[in-house]
Amino acid sequence: MKKLITMVSAIALSAGMAAAEPSGTFRQAHELGFGAQSSLDPISKGRVFQITEKIMSRLVRPGLDGKPQADLATSWEANEDATVWTFKLREGVMFHDGSTFEAADVVYSLNRVLDPESDSPARSAVKMITEVKALDGMTVQITLDTPFADMPLQLMDYRLRMLNEGSGDTIAMTGNGTGPFKVEKFDAEGTTTLVANPDYWEGAPGVARMEIIGIADGQARLQALLGGQIDMERGITAQQQVMLKGSDKFNVQVIPTGNWRGLVFRTDVEPFSDIRVRQAVRMAADREELVALVLGGEGVVACDTPVEPNDQYRAALSCPQDIEKAKVLLAEAGYPDGIDIDVHVATLEPTWPTLAVAYQEQAAAAGIRVNVVQAPTDGYWSEVWMKKDVAATRWNERPADQALHEIYLSTAKWNESYYKDEKLDAMLGDARRELDFDKRKAIYVAAQEHLLETAGTLIPYTVTKLIGVSSRVSNLDEVKNDAVRWHMITVE
Amino acid sequence: MLAMLLRRLFLGLVTVWIVSMIIFAGVEMLPGDSCTAFLEREAKGKLLENCREAQGLNRPAAERYFDWATSAARGDLGISANGEKSIAELVGDRLGNSLLLAACSLALGVPLAIFLGVVTGLWRDRPVDLAVSTLAIFAMTIPEFVSATVLILVFSVWLGWLPGIVLTSASAPASEFFPEIILPVLVLTMVMTAHILRMVRSSVIEVMAGDYIQMATLKGVPYWRIVFRHALPNALLPAINVVALTIAWLLGGVVVIEVVFNYPGLGRMMIDAISDRDLPVVQAIALIVATVYVCVNLSADILTMFANPRLRTLHMRRG
């Protein structure tokens, strides 16, 4: 039996859009997270994704429904056991510098990510790849070290952008890609200007110019939006949206994401090495109330699963607060008088202290006496996280398989709760090998149920993103950053 | 006089050197380094090694300080973390912008403060004095980030007259900062005017009560002649030092104002550099700010000395 997956690009360009000349300037801020180390290299830690997403393309991108959609690859198929994947590339695509996009560029770009010497953070998304080979000028073959039915999902990673062969040393400043916009001037700390790429394969963009402006202070970004100096701000808080909703000059998009914040209880230390204590500390949380208190209602309850609400593999779980059962579990584990724990937080993530204090109130009823410890933001990741017994954490969304592998696999580099469970390891391996979607989904669901039973990580919710947009902007897709078709938007 | 100047200059150099050591030690003692700050939770294994290698962080702290100090003494402050620009150039742009902000605020604030100070001093305890002094107390005590936010709300969001945030890039020529610079200048003017005004007011009051002013009045010298010829030159002397301190404060980077308005000056650069653990940049800025303080204080002392013959002879006898 030969499994064949073929994708046809279904890009609905309205006739009017395609014909119009690009016009106007769209302005957006970025938070300048990496200062002088900011870069246009998509796989560098310092990548400014607000720029790379507009100037470079992937082989596969998420469609508006989140499923894999053709980008620079037009179709793909796997061999019988999904260990060898063949991608057909799009003809006639050109880089901004005029060179043609072909198989050698794909081989170069992927090998650059996989290079163990540079150890790029993007590597973990595709480290199952053992070989990338050009079969001909427009066909690429990717060999994996494991059967993996969802390989195209991994290639949607926002960092896996296709670069021109040999451009690795200069890409950080040039940003030479195949995307709808070209870099005119890169100035991360000031204003980066992009101009429309008339040769973009989906047609010329709607706006002529984009300005991506570095504004480190969140309050300053909001004020720039309110004062009409920028057109969009992704990352409005629930409190701030009140200011925008009252005005006809702005629209607010509400986008559920898979980004989550939570508390990690290390499973390798007392008392959390006892599974009953882990269940009790998670059961003591009232997640609905946490969403209301910490996020102003802008979130989706999660039952300790790192899989995002809209993911096809998300398990439908239920996890109401159960104080009585938590008390019983603690007593059975040998703590009839409850336990005292130090929860470490920092203002690195502004919602952590609120989350910890709200949890403190809730857990007190079950005899879990929480002492909230404020750690300095500087050095939080190196000195507190994965060091202290209980610490706050945060993760950005990943495909289900990647999230489960990166956070819970026994051998994972970022296994923050030191969770070692042979059963889960086996399930994750089985899921990748399973080629039937329904059976595969059943395994991922079982893995999430297993985590709700055994994990040390409290994941109370996923965060819903609020995006403030000036009403002069039209056609901005109401989806996650990652899937927005930037060439579609227009401004008055 | 010359010997005194030389001694002060030498002491200034020593001060700058000590400041650079304290800053270096302080940043070293903070948890983490520029690589862990950059890589956050990915600061592990090969990636961390590569980063430390590239930035020369493998070497002992003393050795790095020595290297930095010797090249800084030659005028070479190093290159930025992405290897694109010289730090001297980057810091130079920011210093220029902070100078522009300071110059505009001083040009507006100092004459205003002296004028109001003299008025309130001469009309002590009259309605005009009470009104201005009360306003000054408010301007001094409201934190600048509050007044900044209120001004942005009123002039940028509600009225739409002025841009709220500075979006001009750091290397742009001064003319491009208008009109974005107006709101930060207004906020700074409010704060510093209040300080200088109160100093001038009390010294005007003190001088006007002096014996020689009474003598002049008794001799029948016209009131305005007394004020301008005899009182003001003496009353403004103490103001020189306050103005000098204000200048140093403005040049040292008015951090809060620069962050709130996103103004690309030294203060914002300093904040960013510290959170990124970008030691060469932190050092370069500390050097500049320390030098500014030393120079401004020195020139204020010299100015005061020229204006006040008693101090001049005192120093000459000692020196």
# chains A, B, ... in the order shown; residues from 1 in each chain; ligands from 1
>>> select_by_dssp(residues="region 201-414 of chain A", states="strand (DSSP E or B)", output="PyMOL selection string")
chain A and resi 209-214+232-236+250-265+299-301+339-345+368-374+390-395
>>> write_last_selection(atoms="N, CA and C atoms", output="short mmCIF file (atom, residue, chain, number, x, y, z; two decimals), in the first residue's frame")
data_model
loop_
_atom_site.label_atom_id
_atom_site.label_comp_id
_atom_site.auth_asym_id
_atom_site.auth_seq_id
_atom_site.Cartn_x
_atom_site.Cartn_y
_atom_site.Cartn_z
N ARG A 209 4.63 49.52 1.35
CA ARG A 209 5.74 49.54 2.31
C ARG A 209 5.30 49.02 3.66
N MET A 210 6.25 48.49 4.41
CA MET A 210 5.99 48.14 5.80
C MET A 210 7.11 48.73 6.65
N GLU A 211 6.73 49.25 7.81
CA GLU A 211 7.74 49.72 8.76
C GLU A 211 7.61 48.89 10.02
N ILE A 212 8.71 48.24 10.41
CA ILE A 212 8.70 47.42 11.62
C ILE A 212 9.59 48.15 12.62
N ILE A 213 8.98 48.66 13.68
CA ILE A 213 9.66 49.61 14.55
C ILE A 213 9.98 48.98 15.89
N GLY A 214 11.22 49.12 16.35
CA GLY A 214 11.63 48.56 17.64
C GLY A 214 11.19 49.46 18.78
N MET A 232 -0.81 48.22 14.22
CA MET A 232 -1.17 46.94 14.81
C MET A 232 -0.27 46.66 16.01
N GLU A 233 -0.84 46.12 17.08
CA GLU A 233 -0.04 45.70 18.21
C GLU A 233 -0.57 44.34 18.66
N ARG A 234 0.29 43.32 18.55
CA ARG A 234 -0.11 41.98 18.96
C ARG A 234 0.35 41.79 20.39
N GLY A 235 -0.57 41.61 21.32
CA GLY A 235 -0.14 41.46 22.70
C GLY A 235 -0.74 42.53 23.58
N ILE A 236 -2.01 42.86 23.31
CA ILE A 236 -2.75 43.77 24.16
C ILE A 236 -3.22 42.96 25.38
N PHE A 250 -10.33 51.64 16.23
CA PHE A 250 -9.59 50.38 16.39
C PHE A 250 -10.51 49.16 16.35
N ASN A 251 -9.94 48.04 15.94
CA ASN A 251 -10.61 46.75 16.08
C ASN A 251 -9.73 45.88 16.95
N VAL A 252 -10.36 44.94 17.66
CA VAL A 252 -9.58 44.00 18.45
C VAL A 252 -9.85 42.59 17.93
N GLN A 253 -8.79 41.90 17.53
CA GLN A 253 -8.93 40.50 17.12
C GLN A 253 -8.64 39.61 18.32
N VAL A 254 -9.44 38.59 18.48
CA VAL A 254 -9.27 37.67 19.61
C VAL A 254 -8.83 36.32 19.05
N ILE A 255 -7.58 35.94 19.32
CA ILE A 255 -7.02 34.74 18.71
C ILE A 255 -6.58 33.75 19.79
N PRO A 256 -7.27 32.62 19.95
CA PRO A 256 -6.79 31.62 20.91
C PRO A 256 -5.46 31.05 20.42
N THR A 257 -4.51 30.86 21.34
CA THR A 257 -3.21 30.29 20.96
C THR A 257 -2.90 29.07 21.80
N GLY A 258 -1.76 28.47 21.52
CA GLY A 258 -1.30 27.35 22.33
C GLY A 258 -0.24 27.77 23.33
N ASN A 259 -0.03 29.08 23.48
CA ASN A 259 0.96 29.55 24.44
C ASN A 259 0.42 29.34 25.85
N TRP A 260 1.24 28.77 26.72
CA TRP A 260 0.74 28.55 28.07
C TRP A 260 1.74 28.97 29.13
N ARG A 261 1.22 29.27 30.33
CA ARG A 261 2.04 29.55 31.50
C ARG A 261 1.60 28.57 32.57
N GLY A 262 2.51 28.22 33.46
CA GLY A 262 2.13 27.24 34.47
C GLY A 262 3.16 27.13 35.56
N LEU A 263 2.96 26.16 36.45
CA LEU A 263 3.89 25.92 37.55
C LEU A 263 4.47 24.52 37.40
N VAL A 264 5.80 24.41 37.55
CA VAL A 264 6.47 23.13 37.42
C VAL A 264 6.83 22.61 38.81
N PHE A 265 6.34 21.42 39.14
CA PHE A 265 6.73 20.75 40.38
C PHE A 265 7.69 19.65 39.98
N GLY A 299 -8.57 33.44 28.03
CA GLY A 299 -7.78 32.23 27.95
C GLY A 299 -8.69 31.02 27.85
N VAL A 300 -8.11 29.85 27.59
CA VAL A 300 -8.87 28.61 27.48
C VAL A 300 -8.32 27.64 28.52
N VAL A 301 -9.21 27.03 29.31
CA VAL A 301 -8.77 26.11 30.36
C VAL A 301 -8.04 24.92 29.73
N ILE A 339 1.18 20.33 53.16
CA ILE A 339 2.61 20.55 52.86
C ILE A 339 2.89 22.04 52.71
N ASP A 340 4.16 22.40 52.90
CA ASP A 340 4.60 23.78 52.68
C ASP A 340 5.50 23.79 51.45
N ILE A 341 5.19 24.69 50.50
CA ILE A 341 6.05 24.75 49.32
C ILE A 341 6.40 26.19 48.97
N ASP A 342 7.60 26.36 48.40
CA ASP A 342 8.04 27.67 47.90
C ASP A 342 7.83 27.68 46.39
N VAL A 343 7.01 28.61 45.92
CA VAL A 343 6.81 28.74 44.47
C VAL A 343 7.61 29.94 43.97
N HIS A 344 8.53 29.69 43.05
CA HIS A 344 9.40 30.77 42.55
C HIS A 344 8.83 31.40 41.29
N VAL A 345 8.76 32.72 41.30
CA VAL A 345 8.28 33.45 40.13
C VAL A 345 9.20 34.64 39.88
N ILE A 368 -2.34 22.98 51.25
CA ILE A 368 -1.07 23.24 50.55
C ILE A 368 -0.72 24.69 50.82
N ARG A 369 0.27 24.90 51.69
CA ARG A 369 0.62 26.26 52.09
C ARG A 369 1.73 26.77 51.17
N VAL A 370 1.34 27.71 50.31
CA VAL A 370 2.26 28.20 49.28
C VAL A 370 2.96 29.46 49.77
N ASN A 371 4.27 29.50 49.65
CA ASN A 371 5.02 30.71 49.90
C ASN A 371 5.56 31.19 48.56
N VAL A 372 5.09 32.38 48.11
CA VAL A 372 5.52 32.88 46.81
C VAL A 372 6.86 33.58 46.94
N VAL A 373 7.85 33.13 46.19
CA VAL A 373 9.19 33.71 46.24
C VAL A 373 9.45 34.46 44.95
N GLN A 374 9.73 35.77 45.07
CA GLN A 374 10.03 36.57 43.88
C GLN A 374 11.53 36.45 43.57
N VAL A 390 9.89 24.17 42.87
CA VAL A 390 8.68 24.63 42.21
C VAL A 390 8.96 25.99 41.57
N ALA A 391 8.75 26.11 40.28
CA ALA A 391 9.00 27.37 39.61
C ALA A 391 7.98 27.58 38.50
N ALA A 392 7.74 28.85 38.20
CA ALA A 392 6.82 29.16 37.11
C ALA A 392 7.51 28.92 35.77
N THR A 393 6.73 28.62 34.76
CA THR A 393 7.30 28.40 33.44
C THR A 393 6.37 28.99 32.39
N ARG A 394 6.87 29.08 31.18
CA ARG A 394 6.00 29.47 30.07
C ARG A 394 6.54 28.86 28.78
N TRP A 395 5.62 28.52 27.89
CA TRP A 395 6.00 27.92 26.61
C TRP A 395 5.16 28.53 25.51
#
>>> interface_residues(of="chain A", to="chain B", cutoff="8 Å", atoms="only C-alpha atoms", output="PyMOL selection string")
chain A and resi 34-38+45-46+117-121+189-191+213+215-217+219-220+223-224+226-227+229+378-379+381-383
>>> write_last_selection(atoms="C-alpha atoms", output="compact mmCIF listing (two decimals), in the first residue's frame")
# COMPACT_ATOMS: atom_id res chain seq x y z
CA PHE A 34 17.51 40.89 21.56
CA GLY A 35 18.94 44.39 21.34
CA ALA A 36 22.12 44.61 19.35
CA GLN A 37 22.04 40.85 18.68
CA SER A 38 18.83 41.18 16.66
CA LYS A 45 18.08 33.13 18.59
CA GLY A 46 18.04 36.86 17.84
CA GLU A 117 28.10 22.65 15.38
CA SER A 118 25.86 25.72 15.26
CA ASP A 119 23.28 23.99 17.52
CA SER A 120 20.42 26.24 16.41
CA PRO A 121 17.36 26.37 18.68
CA GLU A 189 16.63 49.30 17.27
CA GLY A 190 15.07 51.91 15.01
CA THR A 191 12.77 51.45 12.04
CA ILE A 213 9.66 49.61 14.55
CA ILE A 215 9.81 49.73 20.79
CA ALA A 216 10.98 47.87 23.88
CA ASP A 217 8.45 49.26 26.36
CA GLN A 219 3.24 50.82 27.48
CA ALA A 220 4.99 52.88 24.80
CA GLN A 223 0.52 54.56 23.28
CA ALA A 224 1.95 54.46 19.77
CA LEU A 226 -3.53 54.79 20.45
CA GLY A 227 -1.83 57.84 18.98
CA GLN A 229 1.77 55.98 15.07
CA ASP A 378 17.87 38.36 35.33
CA GLY A 379 19.17 34.85 35.32
CA TRP A 381 16.20 30.70 33.22
CA SER A 382 19.71 29.80 34.37
CA GLU A 383 19.39 30.04 38.16
>>> residues_around(residues="region 157-164 of chain A", least_positions_apart="6", cutoff="8 Å", atoms="only C-alpha atoms", output="ChimeraX atom specification")
/A:42-43,49,53,56-59,61,95,99,101,105-106,108-110,113,122,125,176-178,482
>>> closest_residue(among="B:Cys35, B:Leu122, B:Leu245, B:Leu279", to="Arg64 (chain B)", atoms="only C-alpha atoms")
B:Leu279
>>> select_by_dssp(residues="region 202-293 of chain A", states="helix (DSSP H, G or I)", output="ChimeraX atom specification")
/A:218-226,241-245,275-283,287-293
